[in-house]
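Structure, as structure tokens:
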Amino acid sequence: MTSLGAAATGAGVPASVVARIEAQRDAARANLAATVARRERAYAELITSKDPVDQAIARMHRDFLLQVEEVERSEAAMLLAADTDGDTVVGRVGVFDDERDLLIVPWHAPEGQRYLTARDRLLITERGDQPLAVHRLTAEPEALAERIRHGMRTAARREQMSDPLSTLTTEQSAALEAIAASDGDVLLTGPPGSGKSAIVLVELARRVLSHPDPHTLRVLFVTGTPRLAQRVEVLGRLLGVASITPTPQDRLPQVLGLGARPAPVAGQHPGADGADVPRAIEAAFDAARQQLHAASPVPHPLGRIPADEIAAVRTWRAREPSTPYRSVAQGLRDALIAEYERIVPRAVARSSAEAAATELRPHLTPTALVGRALPRRHLPAVLRDAARGYARSLLNTPPRQSPARWDLVVVDEYQRLPGVLLALLRREAGELLLSGDPHQAFTDEDVQGTSPTTAVTLTTSLRLPATIGTWIDDTWRGHGLSTPSIVSAAEGGTVRTLDGASGGGTDRIRSRAADGPTVDGVAAEPPPPEAQVIAPASLVDRGDGWLSPLDALGLEWSEVVLVDPERILAEHGPPGLFVAATRAIDTLTVDPARGTAGPPARSRP
């Protein structure tokens with residue numbers, strides 16, 4: 001059994017408290033082993049029973065055993081304690097109250113989060129054979145930044161699910177409280193390393209376990225990176241529910257029934273995927289819908305008669321608020337024909353009725369509505385399909401009904417998705433939780449079609465070193481751009497600029513560290529294994545393992561070699577350069593005009 005040792009001492013925790021923690025941890029470990037053995041025996045006996053009650057108890061035992069196995073397998077931090085009934089509770093945090101009484105609860109349980117968002121608490125985490133770590137919850141960001149960056153360096157070399165709440169700052173705690181108190185859609189924004197993903201995971205867990213029947217809750221989690229998709233899968237197993245569906249962004253069109261083509265990134269097709277696509281479709285739809293309420297005369301067997309004087313029109317105006325557009329269009333046409341046939345012979349009645357119905361409520365197909373909205377507008381195939389899908393949902397859905405396909409849709413890195421895909425998601429979600437960074441948006445569109453009722457903003461990055469943040473601001477200012485001005489809690493970091501022509505001679509480095517001005521340095525060394533080259537899309541194929549800014553979204557490395565920032569700015573705009581520069585945890589090496597040779601190639605860790 002490992003000792004707390006320096007981990008607790010460094011946090012300023014008294015030795016007597018350390019001793020209590022270790023003793024309770026040892027007792028909890030023994031209690032867990034006994035409980036697991038007892039439930040394994042009980043499960044083996046109950047699984048063969050035909051009694052429904054026995055089978056239900058067997059399922060509970062199985063879920064418990066699977067959760068214990070998942071916590072151990074994923075090396076998630078874990079502490080254990082006895083609940084009021086004397087049985088074991090598997091948790092990932094231990095929280096002390098003001099009296100130093102240990103309250104050990106699962107971090108994802110609602111009652112656990114009530115303590116976790118409180119002030120002046122201690123968090124105890126244990127991972128594998130590593131020592132227990134004791135630190136304060138809701139700490140100031142400066143106290144946590146270096147530990148977070150150390151964890152990211154480790155994660156860059158080893159896939160591992162970190163504790164979402166092991167880095168809870170005061171700002172993040174306030175964000176969690178605001179999200180938990182919200183009613184409706186939520187938009188969470190913040191710079192790289194501000195803890196958005198951790199907050200989303202915590203909120204997702206809270207919503208799942210606060211639900212009366214978590215197994216019936218339908219959750220679609222649209223993930224921006226493979227690493228987050230893996231964490232969502234692990235979280236689902238830890239929660240013991242199978243209703244969370246992690247879906248990579250590039251597979252979203254398939255989930256929405258738009259075909260097998262991958263989802264484009266917003267800005268990948270300039271001018272084709274802006275916020276005006278869903279807006280234009282909505283405007284054309286509203287215009288067609290409002291025609292039913294026009295006061296102008298319409299064709300009638302006896303001449304042009306004001307619509308208000310036609311009984312069939314008055315009937316369908318009353319039905320409209322609860323009836324889909326296409327049903328109104330078809331029903332209005334049939335009702336007009338029936339009414340007109342009472343006045344004149346069939347042929348005249350039908351032609352007059354169909355002309356009136358077309359003026360009042362034309363029978364639109366999704367393709368026809370998109371054609372009205374975007375005349376002669378070329379859209380890439382997947383966006384055209386998405387536009388048709390959005391038009392179909394408008395035409396087929398009652399105005400006052402939300403036909404939720406999912407109870408909750410979570411979108412990570414929402415700024416990567418074109419507006420029409422976000423709008424289509426909103427049409428099929430009971431509630432929407434968006435997380436992302438507007439500075440990394442490759443288009444100027446807002447979150448069209450979502451209308452979030454709660455907007456929560458994080459301002460502090462716990463990952464981006466202050467020096468790299470300063471370089472970004474200086475670069476933006478030098479191009480006459482409005483600076484991102486990110487608040488960085490991470491001190492240090494290095495920005496190096498390579499001198500010299502490409503492909504020959506000795507590159508020289510100008511090094512600007514946090515504690516000094518720019519000075520001449522020594523010959524450049526190849527980046528360490530944790531480095532990644534990020535280059536303009538037009539140069540990516542010139543280096544093995546190079547990435548474009550679009551490919552690097554959501555990832556990070558200890559060092560980033562930035563090739564030709566001016567060209568990145570020209571090809572990808574300010575968001576592309578921002579994404580590329582903010583991938584660095586420690587060092588940003590800038591290669592101003594490397595040309596075709598390029599720096600040493602490094603692939604993803």
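Going by the structure tokens order, chains are called A, B, ..., each with residues numbered from 1, while ligands are numbered from 1 in the order shown.
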Query raised in the report: Looking only at the backbone, which of the residues in range 306-408 of chain A does DSSP tag as alpha helix (DSSP H), as a PyMOL selection string?
Result: chain A and resi 311-319+325-341+346-360+366-373+381-396
Skip Pro253 in chain A itself and residues of its chain fewer than 2 positions away, then list as an mmCIF file with C-alpha atoms, in the first residue's frame all residues within 10 Å of it, counting only C-alpha atoms.
data_model
loop_
_atom_site.group_PDB
_atom_site.id
_atom_site.type_symbol
_atom_site.label_atom_id
_atom_site.label_comp_id
_atom_site.auth_asym_id
_atom_site.auth_seq_id
_atom_site.Cartn_x
_atom_site.Cartn_y
_atom_site.Cartn_z
ATOM 1 C CA GLN A 249 -18.143 14.787 -35.708
ATOM 2 C CA ASP A 250 -17.232 13.339 -39.085
ATOM 3 C CA ARG A 251 -19.888 10.630 -38.625
ATOM 4 C CA VAL A 255 -26.407 9.656 -37.612
ATOM 5 C CA LEU A 256 -28.685 12.343 -39.051
ATOM 6 C CA GLY A 257 -29.568 10.129 -42.007
ATOM 7 C CA LEU A 258 -27.749 12.267 -44.575
ATOM 8 C CA GLY A 259 -25.593 9.540 -46.103
ATOM 9 C CA ALA A 260 -22.108 8.193 -45.490
ATOM 10 C CA ARG A 261 -20.096 11.268 -46.459
ATOM 11 C CA PRO A 262 -18.015 12.773 -43.611
ATOM 12 C CA ALA A 263 -19.106 16.041 -42.078
ATOM 13 C CA PRO A 264 -17.238 19.085 -43.411
ATOM 14 C CA VAL A 382 -23.179 16.835 -47.550
ATOM 15 C CA LEU A 383 -24.330 20.394 -46.834
ATOM 16 C CA ASP A 385 -28.252 16.972 -47.928
ATOM 17 C CA ALA A 386 -28.211 18.670 -44.532
ATOM 18 C CA LEU A 421 -25.772 20.756 -39.134
#
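Across the model, the gap from CA of Glu40 in chain A to CA of Gln55 in chain A is 14.0 Å.
Comparing A:Arg289, A:His215, A:Arg231, A:Arg319 by their smallest distance to Leu369 in chain A, the closest is A:Arg289 (using only C-alpha atoms).
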If you count only C-alpha atoms, the residue of A:Glu566, A:Glu571, A:Glu559, A:Glu146 closest to Arg583 in chain A turns out to be A:Glu559
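Rounded to one decimal, CA of Pro191 in chain A and CA of Pro438 in chain A lie 8.4 Å from each other.
Atom to atom, CA of Gly493 in chain A and CA of Leu588 in chain A stand 8.1 Å apart.
The smallest atom-to-atom distance between Arg149 in chain A and any of A:Ser194, A:Val186, A:Arg29, A:Ala284, using only C-alpha atoms, is found for A:Ser194.
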**Study point:** Selection near Thr247 in chain A, 9 Å with only C-alpha atoms, sequence-local residues under 6 positions removed, as a count of residues only
**Key:** 7
**Item:** Surrounding residues of Pro366 in chain A excluding itself and chain neighbours under 3 positions, 10 Å, only C-alpha atoms, as a list in words
**Value:** Ile281, Leu369, Val370, Gly371, Arg372, Asp385, Ala387, Arg388, Gly389, Tyr390, Ala391, Arg392, Ser393, Leu394, Leu395 and Asn396 of chain A
From the list A:Thr467, A:Gln291, A:Thr397, A:Gln440, the nearest residue to Arg427 in chain A using only C-alpha atoms is A:Thr397
